[in-house]
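> Supplied in structure tokens, the structure appears directly below.
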Amino acid sequence: MAAWTDISGIRQKIADSSAEEVTASYIDIIGKSKINGFTTLWDEAINVARDIDANSHDGPLAGVPIAIKENISTKGISTTCSSKILQGYVPPYDAHVIERLKEAGAVILGKTNMDEFAMGTSTESSYYGPTLNPWDPSRVPGGSSGGSAAVVAAGEAPVSLGSDTGGSVRCPAAFCGTVGLKPTYGCISRYGLISYANSLEQIGPLATNVADIAAIMEVVAGHDPRDSTSINKENTYIDALAEGVEGMRIGVPEEYLSHGIDEKVEKLVWDSIHTFEDLGASYENVSLPHTRYALAAYYIIAMSEASSNLARFDGTRYGFCAEGDNWHLMASKTRAEGFGAEVKRRILLGTYALSAGYQDKYYLKALKVRTLVKQDFERALANVDVLMGPTMPTPAFRIGEKIGDPLSLYMSDVNTVPINLAGVPSISVPCGFADNMPVGLQITGTHFDEKTIMKAAYNFEQNTEHHKKRPPEVA
Amino acid sequence: MVYDNPDDVKIGLEVHVQLNKLKTKLFCGCSTDYHNSDPNSHVCPVCLGLPGSLPVINERAVEFAIKIGLALNCSIVEQTQFHRKNYYYPDLPKGFQTTQYDYPIAGNGKIVIEGEDGERVIRITRAHMEEDPGRLQHIGNIERSKGTLINYNRSGMALIEIVSEPDMRSPKEARRYLDKLRSILDYLDVFNGDLEGAMRVDANVSVFNGQRVEVKNISSFKGAERALLYEIMRQKNHIRRGGTITMETRHFDEARGVTLSMRTKEEEHDYRYFPEPDLVPLRVADRVPEVIKTLPELPDAKKERFMKEYNIADMHARALTIEIKVANFYEEVVSKVDPKVAAVWVADILKGELNYRDLTIDAFRVEDIVDVMELVIANSITEQSGVEIIRTVLDHGGKPQDIINKKGLLKVEDNIVAKAVEEAIAQNPEAVADYRAGKEKSLNFIVGKVMQKTKGRADAREARERLIEKLKE
Amino acid sequence: MITKEEVEHVGWLARIDISDDESYAYAQKLNSVLDYFGQLDEVDTEDVPPTYHVADIVNVFREDKVQDSMPQEEVLANTEHKHDGNFKAPRII
């Protein structure tokens, strides 16, 4: 069957043949993959598809294959955050989103590669080796949900789940030419998502088109009493797509189009905004003045939380375990050998930022700057409906290009992290190509107004051709 | 009020109370009923700290905490949140303990105890909620152990840590503080103090206004008194030998009855407290009014009421109100018999017999003590027999009436004794003659005959007195 | 500036074993990031409250109702270090 089929195409195919056949064809495609997007294939997938056929499952995703990021717990399927320290760990429980997907009839194909513990923008720091960008295997797919974006772009799965702490869904979506949504903080239960920075992150879907994002959101979003930060709020996704964008007010933050942006990327963004104008929307320049401080604030908060979130990996109950003469030595050797270089750097920096004497200077200061960043968004979004800008300032960079220089890697998150600090929803949609590499347009809205940004993205998609272009291998 | 405390002993206590009357742990739905269960049989992803699991606060635990705060005369904080206390230890499955930090749920309280020289007010600094770690068992002893076994059944149990100011002046006062605390907690019905590990104590002690030393690992009240006695003696001796006391943490070795310095690299702490992002703030103030309504009459108030309402002595009222179960027992009893008599029988006699056997009031039925007391008051049995009935019930069980019948404890009627006396005198002229001739001992023989005739139901002393009376004639 | 000694101390706090020669390299890399973080000093945050939670919600509770625990063998399934139903770890000191 053809790759890049959307959910409605798959449902048609299932009606014509079977869920088993659809799943088998994806397993076949994955078997020929050259991009290292999957870390683990679930050997039960084909049986699940058979059961769906046998029981005539009528869930909204009955028989639809889906790929899941390595940091979302799946009962009976290895979940390692692409880290040596979680080698061999098989969760005894399903994340909330996995329960919902299973109920809806989705078929989990397997787990996808990521930057170790979601700490990165390139999927190069994985214990399983880097994932390659399907558009150009010498380039990174973005990160940290690089595997989830790359397998969708390569036609190895129609849809996937990633997680977005500071851009980890939107960045790889932009670099791989897929759609990716970071929902409002509290919109999707984090129960079962292995924490990197828990005050910032959300699970988010990736797909080849906006309608499929909506279809996944209908299933995975909503209140879960097991996540205290999950907010009980009714929200609709699919219905929102029917409306047009006439009269929509777009804010273009000047800070997202300044220093360090690739000229071709900038042009594509303006082209996109003019497309919206053609559709009856209007734009104005807005300012998010604290954007330049958002990056530092984001990294301090993320690293501080991570230093504590990752403390449980001590070799005692699961995962990799080193030898040691006493427990403390065993734990510190386990962690020295089990974590990769970037993870260790972030744990050390986070520990330092929380330690006595430095907590006010770093951690507390960053939380105050977070307040200012959040207020920037509140002010800007008081006058416009959505904010638009480039998801990433450049197209995908080359593998190895930024590996030795953590700071330059952090800099590429400049447009994505402020959104996580503010907790607002944001979607990246393909908006063209620069040097034959896809570029993403980032559309951001107010808390729990996924409806408006998805409506904008859908209208854009319906009136442009970018999302229809396939990577060379797939076409 | 000057109490002779020349050594300036100052003791403060930190008491961890396990809220084991909750059905579930603090942040997950695992049952608290893990005592006597297999290791690691009462755990789930949350209390095992599995990656991806998230905590959700047990609502009733918050109500219990507010209740405790109010009972300790604390003010309850407006809003609070949980923090992470970051440190590494194998009993801590997440690598941090979820606890409260700068805004404890309750603070600035006090309780009154009987001090060395009258009433003493012990100030409560704070009471905060936190989760219990798992349980470690060292293979061999802690210093030369070959390994550690870890059981996470206890992990995540709700604790209240109650911290006092250093207001106690002697180990005895510390013990009384602990007894009072336990009494209040009993009243609140938030914990079962009889379960292992329900109350754990850390103490800080200083003498001669010196540096304070923390003593950890005290697992019983008796242990607390012993640990403090040892530690005070150790500090004094050390100073007398010219040493100085430095701030440190020591562990109490219960078996040896000594405190040991545990200074190791692991003791250098920097807990890096920060608010738990996975839990949202608690607006506690909203809940206080409804909790106040559930607050029971507390020991001090009950004692006052007993003295007034039942007109009983301070000593009796205190003894009857330490344990809520005893107080309730007494109030049931006084609905049927005279309160003053009841106070003696319950506070002095019954409690004495229970303590002697290490039993609680649950071992005795209200109707049984009422039966015993009514019989004594009606003069149907002797006080002695009453005590004997109580002992028999406690040791062998049974109902008082059956015991009376079986043992023939009913006092015999006057005329039967009188008849037996007359018969005994008539039938034993030689013994009577001997007695009258001055042989005092022959009276015993005649008393024996009276007892034989009454089958032992006569009171021996009464029989003797009646005989003497009769033989004077 | 974070010193080599501070790196070692932080390494111990975080239970990450750092060898002597590693600590120097770490100090360099961490300092370049900390320098960057230092730019927050420019921001006036007088009277700005910290944002701990973006979602403005309070009092999220769970009913005190027992739920199933995991079977013991599942609890211990992810480790080889176990003994009689317990996890087994090296001695502590």
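Quick note on naming: the chains in the structure tokens go A, B, ... in the order shown, residues restart at 1 in each chain, and ligands are numbered from 1 in order of appearance.
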Using only C-alpha atoms, find which residues of chain B lie within 7 Å of chain A and jot them down as a ChimeraX atom specification.

/B:51-54,56,86,93-95,270,272,277-280

> Hey, could you make a per-residue contact list for chain B against chain C with 7 Å as the cut-off, showing the nearest pair of atoms and its distance in Å to one decimal, counting only C-alpha atoms, sorted by chain and number, as a tab-separated table?


residue	atom	partner	partner_atom	distance
B:Lys23	CA	C:Asp64	CA	6.0
B:Thr24	CA	C:Val66	CA	5.7
B:Gly29	CA	C:Gln67	CA	4.8
B:Cys30	CA	C:Ser69	CA	5.6
B:Ser31	CA	C:Val66	CA	5.5
B:Pro39	CA	C:Gly85	CA	5.6
B:Asn40	CA	C:Gln72	CA	5.7
B:Ser41	CA	C:Gln72	CA	5.0
B:His42	CA	C:Ser69	CA	5.4
B:Val43	CA	C:Ser69	CA	5.2
B:Cys44	CA	C:Ser69	CA	5.1
B:Val56	CA	C:Arg62	CA	6.0
B:Ile57	CA	C:Phe61	CA	5.1
B:Asn58	CA	C:Arg62	CA	4.9
B:Glu59	CA	C:Phe61	CA	5.2
B:Arg60	CA	C:Asp64	CA	6.2
B:Glu143	CA	C:Ile93	CA	6.5
B:Ser145	CA	C:Arg91	CA	5.7
B:Lys146	CA	C:Arg91	CA	5.7
B:Gly147	CA	C:Arg91	CA	4.0
B:Thr148	CA	C:Ala89	CA	5.1
B:Leu149	CA	C:Lys88	CA	4.7
B:Ile150	CA	C:Phe87	CA	4.9
B:Asn151	CA	C:Asn86	CA	5.4
B:Pro277	CA	C:His53	CA	6.9
B:Val280	CA	C:Val58	CA	5.5
B:Pro281	CA	C:Val58	CA	5.0
B:Leu282	CA	C:Asn59	CA	4.8
B:Arg283	CA	C:Asn59	CA	6.1

> Export N, CA, C and O atoms of the chosen residues as a compact mmCIF listing (two decimals), in the first residue's frame?


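See result-v9.txt below for the written result:
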# COMPACT_ATOMS: atom_id res chain seq x y z
N LYS B 23 -7.19 4.43 54.72
CA LYS B 23 -7.28 3.15 54.01
C LYS B 23 -6.14 3.02 53.02
O LYS B 23 -5.70 1.91 52.73
N THR B 24 -5.69 4.17 52.49
CA THR B 24 -4.66 4.11 51.45
C THR B 24 -3.49 5.03 51.79
O THR B 24 -3.56 5.85 52.69
N GLY B 29 -3.26 4.54 45.69
CA GLY B 29 -4.36 3.76 46.24
C GLY B 29 -3.95 2.46 46.90
O GLY B 29 -4.81 1.62 47.20
N CYS B 30 -2.65 2.25 47.15
CA CYS B 30 -2.23 1.01 47.82
C CYS B 30 -2.74 0.99 49.24
O CYS B 30 -2.73 2.00 49.94
N SER B 31 -3.16 -0.19 49.68
CA SER B 31 -3.71 -0.35 51.02
C SER B 31 -2.64 -0.13 52.08
O SER B 31 -1.48 -0.51 51.91
N PRO B 39 6.73 -9.11 51.72
CA PRO B 39 7.42 -7.89 51.29
C PRO B 39 7.03 -7.54 49.85
O PRO B 39 6.77 -8.41 49.02
N ASN B 40 6.97 -6.26 49.59
CA ASN B 40 6.69 -5.73 48.24
C ASN B 40 5.39 -6.29 47.64
O ASN B 40 5.30 -6.53 46.45
N SER B 41 4.40 -6.46 48.51
CA SER B 41 3.09 -6.92 48.04
C SER B 41 2.06 -5.80 48.10
O SER B 41 0.93 -5.97 47.67
N HIS B 42 2.43 -4.65 48.67
CA HIS B 42 1.51 -3.51 48.76
C HIS B 42 2.12 -2.31 48.07
O HIS B 42 2.25 -1.23 48.65
N VAL B 43 2.55 -2.51 46.85
CA VAL B 43 3.15 -1.40 46.10
C VAL B 43 2.57 -1.33 44.69
O VAL B 43 2.05 -2.31 44.17
N CYS B 44 2.68 -0.13 44.12
CA CYS B 44 2.19 0.13 42.77
C CYS B 44 3.22 1.02 42.08
O CYS B 44 4.19 1.43 42.71
N VAL B 56 -1.04 11.55 43.52
CA VAL B 56 -2.27 12.33 43.73
C VAL B 56 -2.57 12.27 45.23
O VAL B 56 -2.55 11.19 45.83
N ILE B 57 -2.86 13.42 45.82
CA ILE B 57 -2.98 13.51 47.28
C ILE B 57 -4.27 12.85 47.79
O ILE B 57 -5.35 13.07 47.24
N ASN B 58 -4.13 12.08 48.84
CA ASN B 58 -5.25 11.46 49.54
C ASN B 58 -5.98 12.55 50.34
O ASN B 58 -5.41 13.16 51.25
N GLU B 59 -7.21 12.80 49.98
CA GLU B 59 -7.97 13.90 50.58
C GLU B 59 -8.11 13.73 52.10
O GLU B 59 -8.00 14.68 52.87
N ARG B 60 -8.36 12.50 52.52
CA ARG B 60 -8.58 12.26 53.95
C ARG B 60 -7.29 12.48 54.75
O ARG B 60 -7.33 12.85 55.92
N GLU B 143 27.06 -1.67 60.13
CA GLU B 143 28.44 -1.30 59.78
C GLU B 143 29.16 -2.36 58.96
O GLU B 143 29.95 -2.04 58.09
N SER B 145 27.68 -4.93 57.21
CA SER B 145 26.66 -5.70 56.51
C SER B 145 27.15 -6.18 55.15
O SER B 145 27.98 -5.55 54.51
N LYS B 146 26.61 -7.28 54.72
CA LYS B 146 26.95 -7.81 53.39
C LYS B 146 26.00 -7.28 52.32
O LYS B 146 26.27 -7.39 51.14
N GLY B 147 24.90 -6.74 52.76
CA GLY B 147 23.93 -6.25 51.78
C GLY B 147 22.70 -5.73 52.49
O GLY B 147 22.60 -5.81 53.72
N THR B 148 21.78 -5.22 51.70
CA THR B 148 20.58 -4.61 52.25
C THR B 148 19.37 -5.17 51.53
O THR B 148 19.37 -5.27 50.31
N LEU B 149 18.36 -5.54 52.28
CA LEU B 149 17.11 -5.98 51.68
C LEU B 149 16.11 -4.83 51.78
O LEU B 149 16.03 -4.15 52.80
N ILE B 150 15.37 -4.61 50.70
CA ILE B 150 14.45 -3.47 50.68
C ILE B 150 13.03 -3.93 50.41
O ILE B 150 12.77 -4.66 49.47
N ASN B 151 12.14 -3.47 51.29
CA ASN B 151 10.73 -3.77 51.19
C ASN B 151 9.99 -2.43 51.10
O ASN B 151 10.07 -1.62 52.02
N PRO B 277 6.48 19.69 41.14
CA PRO B 277 5.68 20.15 39.99
C PRO B 277 4.49 19.24 39.69
O PRO B 277 3.55 19.68 39.03
N VAL B 280 -0.39 20.10 42.67
CA VAL B 280 -0.79 21.50 42.67
C VAL B 280 -0.95 21.97 44.12
O VAL B 280 -1.05 21.15 45.04
N PRO B 281 -0.97 23.29 44.34
CA PRO B 281 -1.06 23.79 45.73
C PRO B 281 -2.34 23.35 46.44
O PRO B 281 -3.34 23.02 45.80
N LEU B 282 -2.25 23.36 47.76
CA LEU B 282 -3.40 23.01 48.60
C LEU B 282 -3.91 24.27 49.27
O LEU B 282 -3.17 24.92 50.01
N ARG B 283 -5.16 24.61 49.00
CA ARG B 283 -5.75 25.73 49.75
C ARG B 283 -6.41 25.14 50.98
O ARG B 283 -7.57 24.78 50.99

> A:Ser18, A:Thr74, A:Asn235, A:Asn55: which is nearest Arg100 in chain A, counting only C-alpha atoms?

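Residue with the minimum atom-to-atom distance to Arg100 in chain A: A:Thr74.
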
> Find the residues of range 155-224 of chain A that sit at most 12 Å from range 420-425 of chain A; for each, write down the nearest two atoms and how far apart they are in Å, to one decimal. Count only C-alpha atoms. Sort by chain, then by number going up, and give it as a tab-separated table.


residue	atom	partner	partner_atom	distance
A:Ser163	CA	A:Asn420	CA	11.6
A:Asp164	CA	A:Asn420	CA	8.1
A:Thr165	CA	A:Asn420	CA	6.5
A:Gly166	CA	A:Asn420	CA	5.7
A:Gly167	CA	A:Asn420	CA	7.7
A:Ser168	CA	A:Asn420	CA	10.4
A:Val169	CA	A:Asn420	CA	11.5
A:Arg170	CA	A:Pro425	CA	11.0
A:Gly180	CA	A:Pro425	CA	11.0
A:Leu181	CA	A:Pro425	CA	7.6
A:Lys182	CA	A:Pro425	CA	5.6
A:Pro183	CA	A:Pro425	CA	4.5
A:Thr184	CA	A:Pro425	CA	4.3
A:Tyr185	CA	A:Gly423	CA	5.0
A:Gly186	CA	A:Gly423	CA	8.5
A:Cys187	CA	A:Pro425	CA	9.2
A:Ile188	CA	A:Pro425	CA	11.5
A:Ala197	CA	A:Asn420	CA	10.4
A:Asn198	CA	A:Asn420	CA	10.7
A:Ser199	CA	A:Leu421	CA	8.5
A:Leu200	CA	A:Asn420	CA	5.3
A:Glu201	CA	A:Asn420	CA	7.0
A:Gln202	CA	A:Asn420	CA	8.8
A:Ile203	CA	A:Pro425	CA	11.5
A:Gly204	CA	A:Pro425	CA	10.1

> From the options A:Gly440, A:Gly251, A:Gly88, A:Gly177, which residue's atoms come nearest to chain C, counting only C-alpha atoms?

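Checking each candidate against chain C, we get A:Gly88 as the closest.
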
> Can you tell me, as a PyMOL selection string, which residues in range 14-90 of chain B count as strand (DSSP E) by DSSP?

chain B and resi 14-18+57-58+75-76+79-80+83-86

> Could you turn the residues from that selection into a file that holds N, CA and C atoms, as a compact mmCIF listing (two decimals), in the first residue's frame?


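selection.txt written:
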# COMPACT_ATOMS: atom_id res chain seq x y z
N GLU B 14 11.14 15.33 67.62
CA GLU B 14 10.47 15.26 66.32
C GLU B 14 9.81 13.90 66.26
N VAL B 15 8.50 13.91 66.17
CA VAL B 15 7.78 12.64 66.19
C VAL B 15 7.12 12.39 64.84
N HIS B 16 7.42 11.24 64.26
CA HIS B 16 6.77 10.86 63.01
C HIS B 16 5.60 9.96 63.34
N VAL B 17 4.41 10.40 62.95
CA VAL B 17 3.21 9.62 63.22
C VAL B 17 2.69 9.07 61.90
N GLN B 18 2.54 7.78 61.85
CA GLN B 18 2.04 7.16 60.62
C GLN B 18 0.51 7.15 60.66
N ILE B 57 -2.86 13.42 45.82
CA ILE B 57 -2.98 13.51 47.28
C ILE B 57 -4.27 12.85 47.79
N ASN B 58 -4.13 12.08 48.84
CA ASN B 58 -5.25 11.46 49.54
C ASN B 58 -5.98 12.55 50.34
N SER B 75 -1.98 26.97 64.50
CA SER B 75 -2.72 27.67 63.45
C SER B 75 -2.50 26.90 62.15
N ILE B 76 -3.54 26.87 61.32
CA ILE B 76 -3.49 26.11 60.08
C ILE B 76 -3.16 27.08 58.95
N GLN B 79 -2.42 28.41 52.62
CA GLN B 79 -2.13 27.62 51.41
C GLN B 79 -0.77 26.97 51.57
N THR B 80 -0.65 25.78 51.08
CA THR B 80 0.63 25.09 51.18
C THR B 80 0.84 24.27 49.92
N HIS B 83 6.85 19.77 48.68
CA HIS B 83 8.19 19.99 48.13
C HIS B 83 8.89 18.65 47.96
N ARG B 84 9.92 18.68 47.15
CA ARG B 84 10.79 17.51 47.07
C ARG B 84 12.03 17.75 47.93
N LYS B 85 12.33 16.77 48.75
CA LYS B 85 13.56 16.80 49.53
C LYS B 85 14.49 15.79 48.86
N ASN B 86 15.51 16.29 48.21
CA ASN B 86 16.34 15.44 47.36
C ASN B 86 17.52 14.83 48.11

> Within 12 Å of range 38-40 of chain C, counting only C-alpha atoms, which residues qualify if same-chain residues fewer than 5 places away don't, as a VMD selection string?

(chain A and resid 290 to 300 353 358 360 to 370 372) or (chain C and resid 1 31 to 33 45)

> May I have all residues of range 220-399 of chain A that DSSP, computed from the backbone, assigns to alpha helix (DSSP H), given as a count of residues only?

81

> Would you pick out the contacts of Ala203 in chain B at 9 Å or less, using only C-alpha atoms, so that residues sharing its chain but fewer than 4 positions from it are not included, and give the list as a PyMOL selection string?

chain B and resi 11-15+213-216+218+224+227-228

> Could you give me, as a PDB file with all heavy atoms, in the first residue's frame, the residues within 9 Å of Pro339 in chain B, counting only C-alpha atoms and dropping anything in the same chain fewer than 5 positions from it?


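That gives us part.pdb:
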ATOM      1  N   TYR B 310     -18.786  14.292  87.237  1.00  0.00           N
ATOM      2  CA  TYR B 310     -18.864  13.064  88.052  1.00  0.00           C
ATOM      3  C   TYR B 310     -18.311  13.262  89.454  1.00  0.00           C
ATOM      4  O   TYR B 310     -18.256  12.344  90.249  1.00  0.00           O
ATOM      5  CB  TYR B 310     -18.131  11.923  87.340  1.00  0.00           C
ATOM      6  CG  TYR B 310     -18.696  11.667  85.948  1.00  0.00           C
ATOM      7  CD1 TYR B 310     -17.867  11.663  84.833  1.00  0.00           C
ATOM      8  CD2 TYR B 310     -20.068  11.451  85.769  1.00  0.00           C
ATOM      9  CE1 TYR B 310     -18.376  11.448  83.567  1.00  0.00           C
ATOM     10  CE2 TYR B 310     -20.580  11.237  84.502  1.00  0.00           C
ATOM     11  CZ  TYR B 310     -19.746  11.237  83.407  1.00  0.00           C
ATOM     12  OH  TYR B 310     -20.247  11.036  82.174  1.00  0.00           O
ATOM     13  N   ASN B 311     -17.785  14.495  89.667  1.00  0.00           N
ATOM     14  CA  ASN B 311     -17.281  14.818  91.001  1.00  0.00           C
ATOM     15  C   ASN B 311     -16.201  13.825  91.441  1.00  0.00           C
ATOM     16  O   ASN B 311     -16.238  13.288  92.545  1.00  0.00           O
ATOM     17  CB  ASN B 311     -18.460  14.852  91.982  1.00  0.00           C
ATOM     18  CG  ASN B 311     -18.085  15.588  93.258  1.00  0.00           C
ATOM     19  OD1 ASN B 311     -17.139  16.380  93.250  1.00  0.00           O
ATOM     20  ND2 ASN B 311     -18.806  15.304  94.331  1.00  0.00           N
ATOM     21  N   ILE B 312     -15.280  13.542  90.565  1.00  0.00           N
ATOM     22  CA  ILE B 312     -14.215  12.596  90.916  1.00  0.00           C
ATOM     23  C   ILE B 312     -12.885  13.343  91.025  1.00  0.00           C
ATOM     24  O   ILE B 312     -12.757  14.490  90.600  1.00  0.00           O
ATOM     25  CB  ILE B 312     -14.088  11.458  89.862  1.00  0.00           C
ATOM     26  CG1 ILE B 312     -13.809  12.023  88.467  1.00  0.00           C
ATOM     27  CG2 ILE B 312     -15.334  10.593  89.875  1.00  0.00           C
ATOM     28  CD1 ILE B 312     -13.574  10.944  87.410  1.00  0.00           C
ATOM     29  N   TYR B 330     -15.573   4.165  80.800  1.00  0.00           N
ATOM     30  CA  TYR B 330     -16.011   4.717  82.080  1.00  0.00           C
ATOM     31  C   TYR B 330     -17.387   5.385  81.953  1.00  0.00           C
ATOM     32  O   TYR B 330     -18.258   5.204  82.800  1.00  0.00           O
ATOM     33  CB  TYR B 330     -14.974   5.719  82.593  1.00  0.00           C
ATOM     34  CG  TYR B 330     -15.413   6.469  83.820  1.00  0.00           C
ATOM     35  CD1 TYR B 330     -15.430   5.832  85.073  1.00  0.00           C
ATOM     36  CD2 TYR B 330     -15.819   7.799  83.755  1.00  0.00           C
ATOM     37  CE1 TYR B 330     -15.841   6.514  86.209  1.00  0.00           C
ATOM     38  CE2 TYR B 330     -16.236   8.491  84.880  1.00  0.00           C
ATOM     39  CZ  TYR B 330     -16.247   7.834  86.111  1.00  0.00           C
ATOM     40  OH  TYR B 330     -16.671   8.501  87.232  1.00  0.00           O
ATOM     41  N   GLU B 331     -17.556   6.123  80.850  1.00  0.00           N
ATOM     42  CA  GLU B 331     -18.843   6.816  80.704  1.00  0.00           C
ATOM     43  C   GLU B 331     -20.008   5.843  80.523  1.00  0.00           C
ATOM     44  O   GLU B 331     -21.119   6.110  80.946  1.00  0.00           O
ATOM     45  CB  GLU B 331     -18.785   7.831  79.566  1.00  0.00           C
ATOM     46  CG  GLU B 331     -17.823   8.974  79.904  1.00  0.00           C
ATOM     47  CD  GLU B 331     -18.268  10.313  79.365  1.00  0.00           C
ATOM     48  OE1 GLU B 331     -17.941  10.639  78.209  1.00  0.00           O
ATOM     49  OE2 GLU B 331     -18.950  11.041  80.117  1.00  0.00           O
ATOM     50  N   VAL B 333     -20.049   2.937  81.981  1.00  0.00           N
ATOM     51  CA  VAL B 333     -20.216   2.366  83.310  1.00  0.00           C
ATOM     52  C   VAL B 333     -21.037   3.313  84.204  1.00  0.00           C
ATOM     53  O   VAL B 333     -21.965   2.887  84.876  1.00  0.00           O
ATOM     54  CB  VAL B 333     -18.847   2.052  83.962  1.00  0.00           C
ATOM     55  CG1 VAL B 333     -19.018   1.664  85.426  1.00  0.00           C
ATOM     56  CG2 VAL B 333     -18.138   0.951  83.186  1.00  0.00           C
ATOM     57  N   VAL B 334     -20.691   4.618  84.145  1.00  0.00           N
ATOM     58  CA  VAL B 334     -21.379   5.545  85.063  1.00  0.00           C
ATOM     59  C   VAL B 334     -22.838   5.777  84.715  1.00  0.00           C
ATOM     60  O   VAL B 334     -23.574   6.349  85.503  1.00  0.00           O
ATOM     61  CB  VAL B 334     -20.678   6.926  85.179  1.00  0.00           C
ATOM     62  CG1 VAL B 334     -19.295   6.767  85.759  1.00  0.00           C
ATOM     63  CG2 VAL B 334     -20.625   7.627  83.836  1.00  0.00           C
ATOM     64  N   VAL B 344     -13.061   4.391  91.058  1.00  0.00           N
ATOM     65  CA  VAL B 344     -12.118   3.528  91.772  1.00  0.00           C
ATOM     66  C   VAL B 344     -11.971   2.193  91.052  1.00  0.00           C
ATOM     67  O   VAL B 344     -10.865   1.715  90.815  1.00  0.00           O
ATOM     68  CB  VAL B 344     -12.589   3.289  93.227  1.00  0.00           C
ATOM     69  CG1 VAL B 344     -11.697   2.275  93.933  1.00  0.00           C
ATOM     70  CG2 VAL B 344     -12.638   4.603  93.986  1.00  0.00           C
TER      71      VAL B 344
END

> Restricting the calculation to only C-alpha atoms: of B:Tyr187, B:Tyr103, B:Phe96, B:Tyr271, which residue gets closest to Glu78 in chain B?

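Checking each candidate against Glu78 in chain B, we get B:Tyr103 as the closest.
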
> So which one's closest to chain A, C:Lys29, C:Glu22, C:Asp17, C:Asp35? Using only C-alpha atoms, please.

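Under the stated criterion, the closest residue is C:Asp17.
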
> Can you measure CA of Glu116 in chain A to CA of Met303 in chain A for me? One decimal in Å is fine.

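According to the coordinates, CA of Glu116 in chain A and CA of Met303 in chain A are separated by 13.7 Å.
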